[in-house]
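Printed here is entry.txt (compact mmCIF, C-alpha atoms):
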```txt
# COMPACT_ATOMS: atom_id res chain seq x y z
CA MET J 898 -15.80 -119.70 238.78
CA ASP J 899 -19.59 -119.73 239.21
CA ASP J 900 -20.29 -121.45 242.53
CA ARG J 901 -23.60 -122.76 241.16
CA SER J 902 -21.61 -125.31 239.14
CA LEU J 903 -19.91 -126.73 242.26
CA LYS J 904 -21.26 -129.61 244.29
CA ALA J 905 -22.74 -128.83 247.69
CA TYR J 906 -22.73 -131.91 249.92
CA PRO J 907 -25.68 -132.65 252.24
CA HIS J 908 -23.18 -133.36 255.05
CA ARG J 909 -22.61 -129.59 255.27
CA TRP J 910 -25.84 -129.27 257.24
CA LEU J 911 -24.75 -131.99 259.67
CA VAL J 912 -21.41 -130.25 260.22
CA LEU J 913 -23.26 -127.01 260.94
CA ALA J 914 -25.70 -128.86 263.21
CA ALA J 915 -22.76 -130.30 265.18
CA PHE J 916 -21.25 -126.84 265.61
CA VAL J 917 -24.44 -125.19 266.87
CA PRO J 918 -24.77 -127.02 270.24
CA VAL J 919 -21.12 -126.39 271.09
CA ALA J 920 -21.41 -122.66 270.34
CA LEU J 921 -24.76 -122.56 272.12
CA MET J 922 -23.34 -124.02 275.33
CA THR J 923 -20.39 -121.61 275.41
CA GLN J 924 -22.99 -118.82 275.47
CA VAL J 925 -25.10 -120.52 278.15
CA LEU J 926 -22.01 -120.81 280.33
CA TRP J 927 -21.12 -117.16 279.72
CA ILE J 928 -24.47 -115.65 280.67
CA THR J 929 -25.62 -118.23 283.27
CA PHE J 930 -25.80 -115.77 286.15
CA ALA J 931 -27.14 -112.63 284.41
CA PRO J 932 -30.89 -113.31 284.90
CA ILE J 933 -30.34 -114.31 288.53
CA THR J 934 -27.81 -111.62 289.49
CA SER J 935 -29.33 -110.65 292.86
CA ALA J 936 -30.09 -114.25 293.84
CA ALA J 937 -26.56 -115.38 292.89
CA ALA J 938 -25.04 -112.49 294.85
CA LYS J 939 -27.03 -113.59 297.90
CA PHE J 940 -26.08 -117.27 297.38
CA TYR J 941 -22.35 -116.48 297.24
CA GLY J 942 -22.46 -113.63 299.76
CA THR J 943 -21.03 -111.08 297.33
CA SER J 944 -22.08 -108.01 295.32
CA ASP J 945 -23.98 -107.67 292.05
CA LEU J 946 -20.78 -106.35 290.44
CA MET J 947 -18.86 -109.51 291.39
CA ILE J 948 -21.59 -111.61 289.77
CA GLY J 949 -21.33 -109.36 286.71
CA LEU J 950 -17.59 -110.10 286.63
CA LEU J 951 -18.39 -113.78 286.08
CA SER J 952 -19.73 -112.76 282.68
CA MET J 953 -17.21 -110.00 282.06
CA SER J 954 -14.31 -112.44 282.53
CA PHE J 955 -15.24 -113.91 279.14
CA MET J 956 -14.69 -110.54 277.48
CA VAL J 957 -11.30 -109.96 279.12
CA VAL J 958 -10.07 -113.44 278.20
CA TYR J 959 -11.38 -113.11 274.63
CA ILE J 960 -9.21 -110.05 274.05
CA LEU J 961 -6.14 -111.96 275.24
CA ILE J 962 -6.88 -115.17 273.32
CA VAL J 963 -8.34 -113.83 270.06
CA ILE J 964 -5.12 -113.73 268.00
CA PRO J 965 -3.91 -117.23 269.01
CA SER J 966 -7.38 -118.67 268.44
CA ALA J 967 -7.69 -117.02 265.02
CA TRP J 968 -4.27 -118.40 264.07
CA VAL J 969 -5.35 -121.92 265.09
CA ILE J 970 -8.62 -121.63 263.13
CA ASP J 971 -6.93 -120.37 259.98
CA THR J 972 -3.84 -122.62 260.20
CA HIS J 973 -5.13 -125.91 261.61
CA GLY J 974 -8.78 -125.69 260.56
CA PHE J 975 -12.07 -125.28 262.32
CA LYS J 976 -12.39 -128.90 263.52
CA ALA J 977 -9.19 -128.78 265.55
CA ALA J 978 -10.01 -125.32 266.92
CA VAL J 979 -13.65 -125.96 267.78
CA GLY J 980 -12.79 -129.41 269.15
CA PHE J 981 -10.19 -127.91 271.50
CA GLY J 982 -12.55 -125.17 272.64
CA ALA J 983 -15.40 -127.65 273.14
CA VAL J 984 -13.33 -130.02 275.29
CA LEU J 985 -11.89 -127.19 277.38
CA SER J 986 -15.36 -125.74 277.95
CA ALA J 987 -16.74 -129.14 278.93
CA VAL J 988 -13.98 -129.85 281.46
CA PHE J 989 -14.36 -126.52 283.24
CA ALA J 990 -18.16 -126.54 283.03
CA LEU J 991 -18.19 -129.89 284.83
CA LEU J 992 -15.70 -128.57 287.37
CA ARG J 993 -17.93 -125.52 287.91
CA GLY J 994 -20.88 -127.83 288.57
CA LEU J 995 -19.01 -130.15 290.92
CA PHE J 996 -17.76 -127.24 293.08
CA ALA J 997 -20.73 -124.92 292.57
CA SER J 998 -20.80 -123.69 296.20
CA ASN J 999 -17.24 -122.35 296.05
CA PHE J 1000 -17.19 -118.91 294.40
CA THR J 1001 -13.43 -119.01 293.82
CA VAL J 1002 -13.63 -122.31 291.93
CA VAL J 1003 -16.65 -121.08 289.98
CA PHE J 1004 -14.78 -117.90 288.99
CA LEU J 1005 -11.66 -119.83 287.92
CA SER J 1006 -13.85 -122.25 285.98
CA GLN J 1007 -15.45 -119.30 284.19
CA VAL J 1008 -11.97 -118.22 283.11
CA GLY J 1009 -11.20 -121.74 281.85
CA ILE J 1010 -14.44 -121.85 279.84
CA ALA J 1011 -13.69 -118.35 278.54
CA ILE J 1012 -10.34 -119.54 277.14
CA GLY J 1013 -12.15 -122.16 275.07
CA GLN J 1014 -14.86 -119.82 273.76
CA PRO J 1015 -12.85 -117.91 271.07
CA PHE J 1016 -11.77 -121.19 269.45
CA VAL J 1017 -15.45 -122.00 268.96
CA ILE J 1018 -17.25 -118.80 268.04
CA GLY J 1019 -14.43 -117.47 265.86
CA ALA J 1020 -14.92 -120.37 263.41
CA ILE J 1021 -18.38 -119.48 262.07
CA THR J 1022 -17.32 -118.00 258.73
CA LYS J 1023 -14.60 -120.65 258.30
CA ILE J 1024 -17.24 -123.40 258.41
CA ALA J 1025 -19.39 -121.45 255.94
CA ALA J 1026 -16.45 -121.02 253.55
CA ARG J 1027 -15.28 -124.64 253.77
CA TRP J 1028 -18.62 -126.37 253.35
CA PHE J 1029 -21.08 -123.96 251.70
CA PRO J 1030 -21.22 -122.40 248.22
CA ALA J 1031 -20.96 -118.62 248.14
CA ARG J 1032 -24.68 -118.18 247.49
CA GLU J 1033 -25.46 -119.86 250.85
CA ARG J 1034 -22.71 -118.45 253.05
CA ALA J 1035 -24.60 -115.58 254.68
CA THR J 1036 -27.40 -118.05 255.44
CA ALA J 1037 -24.91 -120.55 256.89
CA ALA J 1038 -23.21 -117.80 258.91
CA GLY J 1039 -26.67 -116.72 260.11
CA LEU J 1040 -27.53 -120.22 261.29
CA GLY J 1041 -24.13 -120.57 262.95
CA THR J 1042 -24.50 -117.20 264.62
CA LEU J 1043 -27.95 -118.30 265.72
CA ALA J 1044 -26.26 -120.46 268.32
CA LEU J 1045 -24.75 -117.34 269.87
CA TYR J 1046 -28.30 -116.14 270.50
CA LEU J 1047 -29.93 -119.46 271.38
CA GLY J 1048 -27.41 -119.94 274.19
CA PRO J 1049 -28.26 -116.72 276.05
CA LEU J 1050 -31.95 -117.40 275.36
CA ALA J 1051 -31.66 -120.80 277.02
CA ALA J 1052 -29.83 -119.28 280.00
CA MET J 1053 -32.32 -116.41 280.35
CA LEU J 1054 -35.22 -118.84 280.47
CA LEU J 1055 -33.62 -121.78 282.26
CA SER J 1056 -31.40 -120.18 284.92
CA PRO J 1057 -34.27 -118.58 286.92
CA TYR J 1058 -36.35 -121.76 286.57
CA LEU J 1059 -33.57 -124.21 287.45
CA PHE J 1060 -32.22 -122.08 290.28
CA VAL J 1061 -35.63 -122.05 291.97
CA ARG J 1062 -36.41 -125.72 291.24
CA ILE J 1063 -33.11 -127.52 291.82
CA GLY J 1064 -30.71 -124.94 293.27
CA MET J 1065 -27.38 -123.52 292.16
CA ASN J 1066 -25.32 -126.71 292.53
CA ARG J 1067 -27.50 -128.94 290.37
CA MET J 1068 -28.18 -126.19 287.85
CA LEU J 1069 -24.47 -125.70 287.14
CA LEU J 1070 -23.92 -129.46 286.96
CA VAL J 1071 -26.73 -129.82 284.40
CA TYR J 1072 -25.06 -127.16 282.26
CA GLY J 1073 -21.73 -129.00 282.55
CA ILE J 1074 -23.19 -132.33 281.43
CA ALA J 1075 -24.93 -130.67 278.47
CA THR J 1076 -21.63 -129.04 277.40
CA ALA J 1077 -19.81 -132.37 277.54
CA ALA J 1078 -22.50 -134.03 275.41
CA ALA J 1079 -22.25 -131.25 272.80
CA ALA J 1080 -18.46 -131.63 272.65
CA VAL J 1081 -18.67 -135.38 272.08
CA PHE J 1082 -21.27 -134.94 269.31
CA PHE J 1083 -19.09 -132.41 267.50
CA LEU J 1084 -15.95 -134.57 267.67
CA ILE J 1085 -17.85 -137.53 266.23
CA VAL J 1086 -19.68 -135.73 263.41
CA ALA J 1087 -17.52 -132.82 262.19
CA ARG J 1088 -15.17 -133.12 259.20
CA GLU J 1089 -12.79 -130.38 258.10
CA HIS J 1090 -13.37 -130.52 254.32
CA PRO J 1091 -16.01 -131.80 251.92
CA PRO J 1092 -14.72 -134.32 249.32
CA THR J 1093 -14.47 -131.48 246.77
CA PRO J 1094 -14.36 -127.70 247.40
CA ALA J 1095 -17.68 -125.91 247.84
CA GLY J 1096 -16.30 -122.74 246.28
CA ALA J 1097 -13.34 -120.39 246.26
CA ASP J 1098 -11.46 -120.75 249.54
CA GLU J 1099 -7.93 -119.54 248.82
CA ARG J 1100 -6.86 -117.21 251.59
CA ALA J 1101 -3.77 -115.20 252.45
CA LEU J 1102 -1.56 -115.95 255.45
CA MET J 1103 -3.11 -114.72 258.66
CA PHE J 1104 -0.73 -111.85 259.48
CA ASP J 1105 -0.60 -110.66 255.86
CA GLY J 1106 -4.39 -110.65 255.82
CA LEU J 1107 -4.52 -108.86 259.17
CA LYS J 1108 -2.33 -106.00 257.91
CA ALA J 1109 -4.36 -105.69 254.72
CA MET J 1110 -7.78 -105.62 256.40
CA LEU J 1111 -6.72 -102.97 258.92
CA ARG J 1112 -5.94 -100.67 255.98
CA GLN J 1113 -9.49 -100.96 254.59
CA ARG J 1114 -11.83 -98.08 255.42
CA ASP J 1115 -15.01 -100.18 255.27
CA PHE J 1116 -13.57 -102.81 257.58
CA LEU J 1117 -12.55 -100.14 260.10
CA PHE J 1118 -16.10 -98.76 259.96
CA LEU J 1119 -17.39 -102.28 260.52
CA LEU J 1120 -15.11 -102.69 263.54
CA ALA J 1121 -16.61 -99.52 265.03
CA MET J 1122 -20.14 -100.79 264.38
CA PHE J 1123 -19.40 -104.13 266.03
CA PHE J 1124 -17.84 -102.24 268.95
CA VAL J 1125 -21.21 -100.55 269.51
CA GLY J 1126 -23.52 -103.43 268.55
CA LEU J 1127 -21.87 -106.28 270.42
CA GLY J 1128 -21.13 -103.96 273.33
CA LEU J 1129 -24.87 -103.27 273.52
CA PHE J 1130 -25.67 -106.97 273.44
CA ASN J 1131 -23.08 -107.92 276.07
CA SER J 1132 -23.89 -105.11 278.48
CA VAL J 1133 -27.68 -105.26 278.23
CA SER J 1134 -27.58 -109.06 278.59
CA THR J 1135 -25.33 -108.83 281.64
CA TRP J 1136 -27.39 -106.16 283.42
CA ILE J 1137 -30.84 -107.26 282.22
CA GLU J 1138 -32.23 -107.66 285.74
CA ASP J 1139 -30.62 -104.47 287.03
CA ILE J 1140 -32.09 -102.50 284.09
CA VAL J 1141 -35.69 -103.43 284.89
CA ARG J 1142 -35.56 -103.94 288.67
CA PRO J 1143 -35.89 -100.19 289.58
CA ARG J 1144 -39.20 -100.13 287.67
CA GLY J 1145 -40.62 -102.92 289.82
CA PHE J 1146 -40.07 -105.89 287.49
CA SER J 1147 -39.17 -109.27 289.06
CA ILE J 1148 -36.41 -111.81 288.32
CA SER J 1149 -38.89 -113.91 286.35
CA GLN J 1150 -39.97 -110.91 284.29
CA ALA J 1151 -36.32 -110.06 283.62
CA GLY J 1152 -35.79 -113.62 282.45
CA ARG J 1153 -38.78 -113.40 280.11
CA LEU J 1154 -37.55 -110.08 278.76
CA GLY J 1155 -34.11 -111.49 278.06
CA GLY J 1156 -35.69 -114.54 276.49
CA LEU J 1157 -37.98 -112.53 274.20
CA MET J 1158 -35.11 -110.26 273.24
CA LEU J 1159 -33.23 -113.32 272.08
CA VAL J 1160 -36.28 -114.83 270.36
CA GLY J 1161 -36.40 -111.63 268.33
CA GLY J 1162 -32.71 -112.04 267.58
CA ILE J 1163 -33.20 -115.63 266.46
CA VAL J 1164 -35.99 -114.63 264.08
CA GLY J 1165 -33.88 -111.78 262.74
CA ALA J 1166 -30.77 -113.95 262.34
CA VAL J 1167 -32.77 -116.39 260.20
CA VAL J 1168 -34.80 -113.93 258.13
CA MET J 1169 -32.38 -111.08 257.42
CA PRO J 1170 -29.39 -113.11 256.12
CA VAL J 1171 -31.68 -115.10 253.81
CA LEU J 1172 -33.07 -111.83 252.42
CA SER J 1173 -29.53 -110.53 252.08
CA ASP J 1174 -28.48 -113.61 250.09
CA LEU J 1175 -31.58 -113.44 247.88
CA SER J 1176 -31.10 -109.74 247.12
CA ARG J 1177 -27.31 -110.12 246.79
CA ARG J 1178 -26.87 -107.04 248.99
CA ARG J 1179 -25.29 -106.51 252.43
CA LYS J 1180 -25.23 -102.75 253.13
CA PRO J 1181 -29.01 -102.03 253.21
CA PHE J 1182 -29.57 -104.77 255.77
CA VAL J 1183 -26.74 -103.54 258.02
CA VAL J 1184 -28.20 -100.02 257.95
CA LEU J 1185 -31.73 -101.28 258.62
CA ALA J 1186 -30.61 -103.48 261.51
CA LEU J 1187 -28.68 -100.72 263.29
CA ALA J 1188 -31.45 -98.15 262.81
CA GLY J 1189 -34.16 -100.57 263.93
CA LEU J 1190 -32.54 -101.44 267.27
CA ILE J 1191 -32.71 -97.85 268.58
CA PRO J 1192 -36.51 -97.70 269.20
CA GLY J 1193 -36.27 -101.04 270.98
CA LEU J 1194 -33.46 -99.77 273.20
CA LEU J 1195 -35.48 -96.68 274.11
CA GLY J 1196 -38.40 -98.93 275.03
CA LEU J 1197 -36.13 -100.96 277.32
CA THR J 1198 -35.08 -97.68 278.91
CA TYR J 1199 -38.49 -96.21 279.66
CA ALA J 1200 -41.24 -98.89 279.48
CA THR J 1201 -43.21 -99.35 282.69
CA HIS J 1202 -45.87 -101.72 281.33
CA SER J 1203 -44.90 -105.35 280.90
CA TRP J 1204 -46.31 -105.67 277.36
CA LEU J 1205 -44.38 -102.62 276.14
CA LEU J 1206 -41.18 -103.80 277.79
CA LEU J 1207 -41.47 -107.23 276.17
CA LEU J 1208 -42.30 -105.75 272.76
CA SER J 1209 -39.30 -103.42 273.04
CA GLY J 1210 -37.07 -106.36 273.92
CA PHE J 1211 -38.25 -108.29 270.85
CA VAL J 1212 -37.67 -105.32 268.52
CA PHE J 1213 -34.25 -104.60 270.05
CA GLY J 1214 -33.18 -108.23 269.69
CA PHE J 1215 -34.58 -108.66 266.16
CA PHE J 1216 -32.61 -105.80 264.68
CA LEU J 1217 -29.47 -105.90 266.81
CA LEU J 1218 -28.77 -109.60 266.48
CA SER J 1219 -29.70 -109.86 262.80
CA ALA J 1220 -26.82 -107.49 262.01
CA GLY J 1221 -24.21 -109.97 263.28
CA PRO J 1222 -24.23 -112.72 260.64
CA ILE J 1223 -24.58 -110.25 257.76
CA GLY J 1224 -21.69 -108.21 259.17
CA PHE J 1225 -19.51 -111.31 259.54
CA GLN J 1226 -20.11 -112.34 255.94
CA TYR J 1227 -19.70 -108.79 254.63
CA ALA J 1228 -16.31 -108.62 256.40
CA ALA J 1229 -15.21 -111.95 254.89
CA GLU J 1230 -16.14 -110.66 251.43
CA ILE J 1231 -14.57 -107.19 251.56
CA THR J 1232 -11.31 -108.47 253.13
CA TYR J 1233 -10.81 -111.37 250.71
CA PRO J 1234 -8.28 -113.04 250.53
CA ALA J 1235 -7.64 -112.42 254.25
CA PRO J 1236 -8.60 -115.49 256.33
CA GLU J 1237 -12.23 -115.68 257.50
CA GLY J 1238 -11.25 -116.67 261.02
CA THR J 1239 -9.18 -113.51 261.39
CA SER J 1240 -11.92 -111.10 260.28
CA ASN J 1241 -14.52 -113.02 262.31
CA SER J 1242 -12.37 -112.91 265.45
CA LEU J 1243 -11.43 -109.23 265.10
CA LEU J 1244 -15.08 -108.24 264.89
CA LEU J 1245 -15.91 -110.32 267.94
CA VAL J 1246 -13.02 -108.92 269.96
CA MET J 1247 -14.40 -105.41 269.43
CA GLY J 1248 -17.59 -106.56 271.13
CA GLN J 1249 -15.66 -108.03 274.04
CA ALA J 1250 -13.66 -104.81 274.53
CA SER J 1251 -16.76 -102.63 274.37
CA GLY J 1252 -18.65 -105.08 276.56
CA ILE J 1253 -16.14 -104.55 279.36
CA ALA J 1254 -16.32 -100.78 278.98
CA PHE J 1255 -20.12 -100.70 278.71
CA ILE J 1256 -20.69 -103.07 281.65
CA LEU J 1257 -18.42 -101.08 283.96
CA GLY J 1258 -19.74 -97.78 282.60
CA MET J 1259 -23.39 -98.75 283.13
CA ASP J 1260 -22.64 -99.73 286.73
CA ALA J 1261 -20.68 -96.51 287.35
CA LEU J 1262 -23.28 -94.19 285.76
CA LYS J 1263 -26.45 -95.70 287.22
CA ASP J 1264 -28.37 -93.64 289.77
CA LYS J 1265 -26.88 -94.59 293.14
CA ALA J 1266 -30.07 -93.84 295.02
CA THR J 1267 -32.59 -95.69 292.83
CA GLY J 1268 -30.38 -98.00 290.78
CA SER J 1269 -31.88 -96.59 287.56
CA MET J 1270 -29.81 -97.12 284.41
CA THR J 1271 -31.65 -94.55 282.29
CA ALA J 1272 -28.59 -92.30 281.81
CA PRO J 1273 -26.17 -95.00 280.58
CA LEU J 1274 -28.85 -96.51 278.33
CA LEU J 1275 -29.40 -93.12 276.65
CA ILE J 1276 -25.65 -92.85 276.06
CA LEU J 1277 -25.75 -96.29 274.41
CA ALA J 1278 -28.66 -95.15 272.22
CA ALA J 1279 -26.57 -92.16 271.08
CA LEU J 1280 -23.73 -94.51 270.16
CA GLY J 1281 -26.26 -96.54 268.18
CA VAL J 1282 -27.03 -93.42 266.11
CA VAL J 1283 -23.30 -93.02 265.40
CA ALA J 1284 -23.17 -96.65 264.20
CA VAL J 1285 -26.07 -95.97 261.80
CA VAL J 1286 -24.22 -93.01 260.31
CA LEU J 1287 -21.12 -95.15 259.74
CA ALA J 1288 -23.23 -97.87 258.11
CA VAL J 1289 -24.66 -95.37 255.63
CA PHE J 1290 -21.13 -94.69 254.35
CA LEU J 1291 -20.24 -98.37 253.80
CA ARG J 1292 -19.70 -99.52 250.23
CA GLU J 1293 -21.56 -102.56 248.97
CA SER J 1294 -19.68 -105.86 248.97
CA PRO J 1295 -17.69 -106.14 245.70
CA PHE J 1296 -18.00 -109.91 245.92
CA LYS J 1297 -21.79 -109.77 245.76
CA LYS J 1298 -21.65 -107.21 242.94
CA ALA J 1299 -19.37 -109.50 240.94
CA GLU J 1300 -21.82 -112.36 241.44
CA SER J 1301 -24.71 -110.16 240.29
CA ASP J 1302 -22.79 -109.16 237.18
CA ARG J 1303 -22.11 -112.79 236.31
CA ALA J 1304 -25.74 -113.71 236.94
CA GLY J 1305 -26.89 -110.85 234.72
```
Will you turn the file into structure tokens for me?
Amino acid sequence: MDDRSLKAYPHRWLVLAAFVPVALMTQVLWITFAPITSAAAKFYGTSDLMIGLLSMSFMVVYILIVIPSAWVIDTHGFKAAVGFGAVLSAVFALLRGLFASNFTVVFLSQVGIAIGQPFVIGAITKIAARWFPARERATAAGLGTLALYLGPLAAMLLSPYLFVRIGMNRMLLVYGIATAAAAVFFLIVAREHPPTPAGADERALMFDGLKAMLRQRDFLFLLAMFFVGLGLFNSVSTWIEDIVRPRGFSISQAGRLGGLMLVGGIVGAVVMPVLSDLSRRRKPFVVLALAGLIPGLLGLTYATHSWLLLLSGFVFGFFLLSAGPIGFQYAAEITYPAPEGTSNSLLLVMGQASGIAFILGMDALKDKATGSMTAPLLILAALGVVAVVLAVFLRESPFKKAESDRAG
């Protein structure tokens, strides 16, 4: 069936717009403390590593929750899954704000929010498949994934500002209220299905699909690439201040760097998936994205001038974060008819696992005398080269080739 003959309902954009703030706030809550690591450690009377664990808890919980959340997404639909995750995040975000001075409550609240996160961010390709025709799905996945970058951007820019202006307690309460508002908006606006299907959406049972996708070479390569790529994003985002502090950069400069890195990612996540859809190709854009992030990462490692550091952050973010939505859609296409929520969640869980390893590894391998993270960052750059090599050996999406043949 040619998806161009199917009706695409305008409400699809409203459903996507309702999803974005919920996903955005889960990311804000995850990375809240990263740009203010040293100040938060002083506020709570603890170490930088303990503040890093507030972010890392999300990665640990994601690994434990990913299979149940994927089952809920694929069995009960994205509205039920995202709605549950949104409400859970809102409750614990408000609790975190109300008891912001108590580190134990804040940590437990982080765990509660982390339980809700996989139910939200694992639904991106499910929303695209339910509401969007095939020719728009990488674009829809890109806009949905955009929320995963806008959230850290907001936290990188707002956390240093709000912490200085209104203090820790009010800052966390503001984040809690915003999360609750996003949850209410989603529950009011979202619908599971359009009146008629937007395109082919028949999928296998979750566990049958899981077994089939784990036997596919290209999907295994993609898992390895997400292990490196999302691990880079999670670890660099978590240690952003620690990376630049030994070179004399301030908390505010670290916040601007993190913000510009994510601005680059937002631009890339909009531009690259659209180009991928227009060209009906996935592989070249995955290769380009992984190769392009390496110069940016080297700039983050060595730059001593503010302009070069910020430029490197933009380049790193543009290429790294543009790979995500294209990779998600590529996985959904090559594993068809496995459920989208399962492939989406498996790719994300690789990033959570590597994030834990990379965060702990960067802390363990940094120079104990100066705090420099040059050595671990160079190791990450080498892993980036390995990811590029794997991407070169990917096969193009057969789904996109079939569409091209029909169009020709």
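Using only C-alpha atoms, the nearest neighbour of Ser1147 in chain J within the list J:Phe1083, J:Ala914, J:Ser1203, J:Trp927 is J:Ser1203.
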Selection near range 1000-1014 of chain J, 7 Å with all atoms listed in the file, sequence-local residues under 6 positions removed, as number ranges by chain: J: 923, 941, 951, 954-955, 958-959, 962, 982-983, 985-986, 989-990, 992-993
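Atom pair CA of Gly942 in chain J / CA of Ala1254 in chain J: separated by 25.2 Å.
Ranking J:Gly1064, J:Pro1170, J:Gly1019, J:Gly1145 by their shortest atom-to-atom distance to Ser1240 in chain J, with all atoms listed in the file included, puts J:Gly1019 first.
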Protein/DNA/RNA residues near (-15.1, -107.4, 276.5), cut 12 Å, all atoms listed in the file, as a PyMOL selection string: chain J and resi 927+950-963+1011+1123-1125+1127-1132+1135+1244-1257
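By chain and then residue number, the residues within 8 Å of Met922 in chain J are J:Gly1048, J:Tyr1072, J:Ala1075, J:Thr1076, J:Ala1079, counting only C-alpha atoms and disregarding those fewer than 6 positions away in sequence.
The gap separating CA of Ile928 in chain J from CA of Ala1080 in chain J is 18.9 Å, in Å to one decimal.
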10 Å contact set for Arg1153 in chain J, only C-alpha atoms, chain neighbours under 2 positions out, as a PyMOL selection string: chain J and resi 932+1050+1053-1054+1057+1147-1151+1155-1159+1207+1210
Can I get N, CA and C atoms for range 995-1008 of chain J, as a short mmCIF file (atom, residue, chain, number, x, y, z; two decimals), in the first residue's frame?
```cif
data_model
loop_
_atom_site.label_atom_id
_atom_site.label_comp_id
_atom_site.auth_asym_id
_atom_site.auth_seq_id
_atom_site.Cartn_x
_atom_site.Cartn_y
_atom_site.Cartn_z
N LEU J 995 9.27 19.88 47.18
CA LEU J 995 8.77 20.17 48.52
C LEU J 995 9.78 19.82 49.61
N PHE J 996 10.65 18.85 49.34
CA PHE J 996 11.65 18.42 50.33
C PHE J 996 13.05 18.58 49.76
N ALA J 997 13.27 19.72 49.09
CA ALA J 997 14.51 19.94 48.34
C ALA J 997 15.75 19.99 49.21
N SER J 998 15.63 20.28 50.50
CA SER J 998 16.80 20.40 51.37
C SER J 998 17.28 19.05 51.89
N ASN J 999 16.48 18.02 51.70
CA ASN J 999 16.79 16.69 52.23
C ASN J 999 17.36 15.83 51.11
N PHE J 1000 18.65 15.55 51.14
CA PHE J 1000 19.29 14.82 50.05
C PHE J 1000 18.71 13.42 49.88
N THR J 1001 18.37 12.77 50.96
CA THR J 1001 17.79 11.42 50.88
C THR J 1001 16.48 11.43 50.12
N VAL J 1002 15.59 12.38 50.45
CA VAL J 1002 14.31 12.48 49.75
C VAL J 1002 14.53 12.84 48.29
N VAL J 1003 15.46 13.75 48.04
CA VAL J 1003 15.75 14.13 46.65
C VAL J 1003 16.24 12.91 45.86
N PHE J 1004 17.12 12.12 46.46
CA PHE J 1004 17.64 10.94 45.76
C PHE J 1004 16.52 9.94 45.48
N LEU J 1005 15.68 9.67 46.48
CA LEU J 1005 14.57 8.73 46.29
C LEU J 1005 13.57 9.26 45.26
N SER J 1006 13.38 10.56 45.25
CA SER J 1006 12.50 11.16 44.24
C SER J 1006 13.08 11.00 42.84
N GLN J 1007 14.40 11.13 42.72
CA GLN J 1007 15.05 10.90 41.43
C GLN J 1007 14.76 9.47 40.94
N VAL J 1008 14.81 8.52 41.84
CA VAL J 1008 14.52 7.13 41.47
C VAL J 1008 13.07 6.99 41.01
#
```
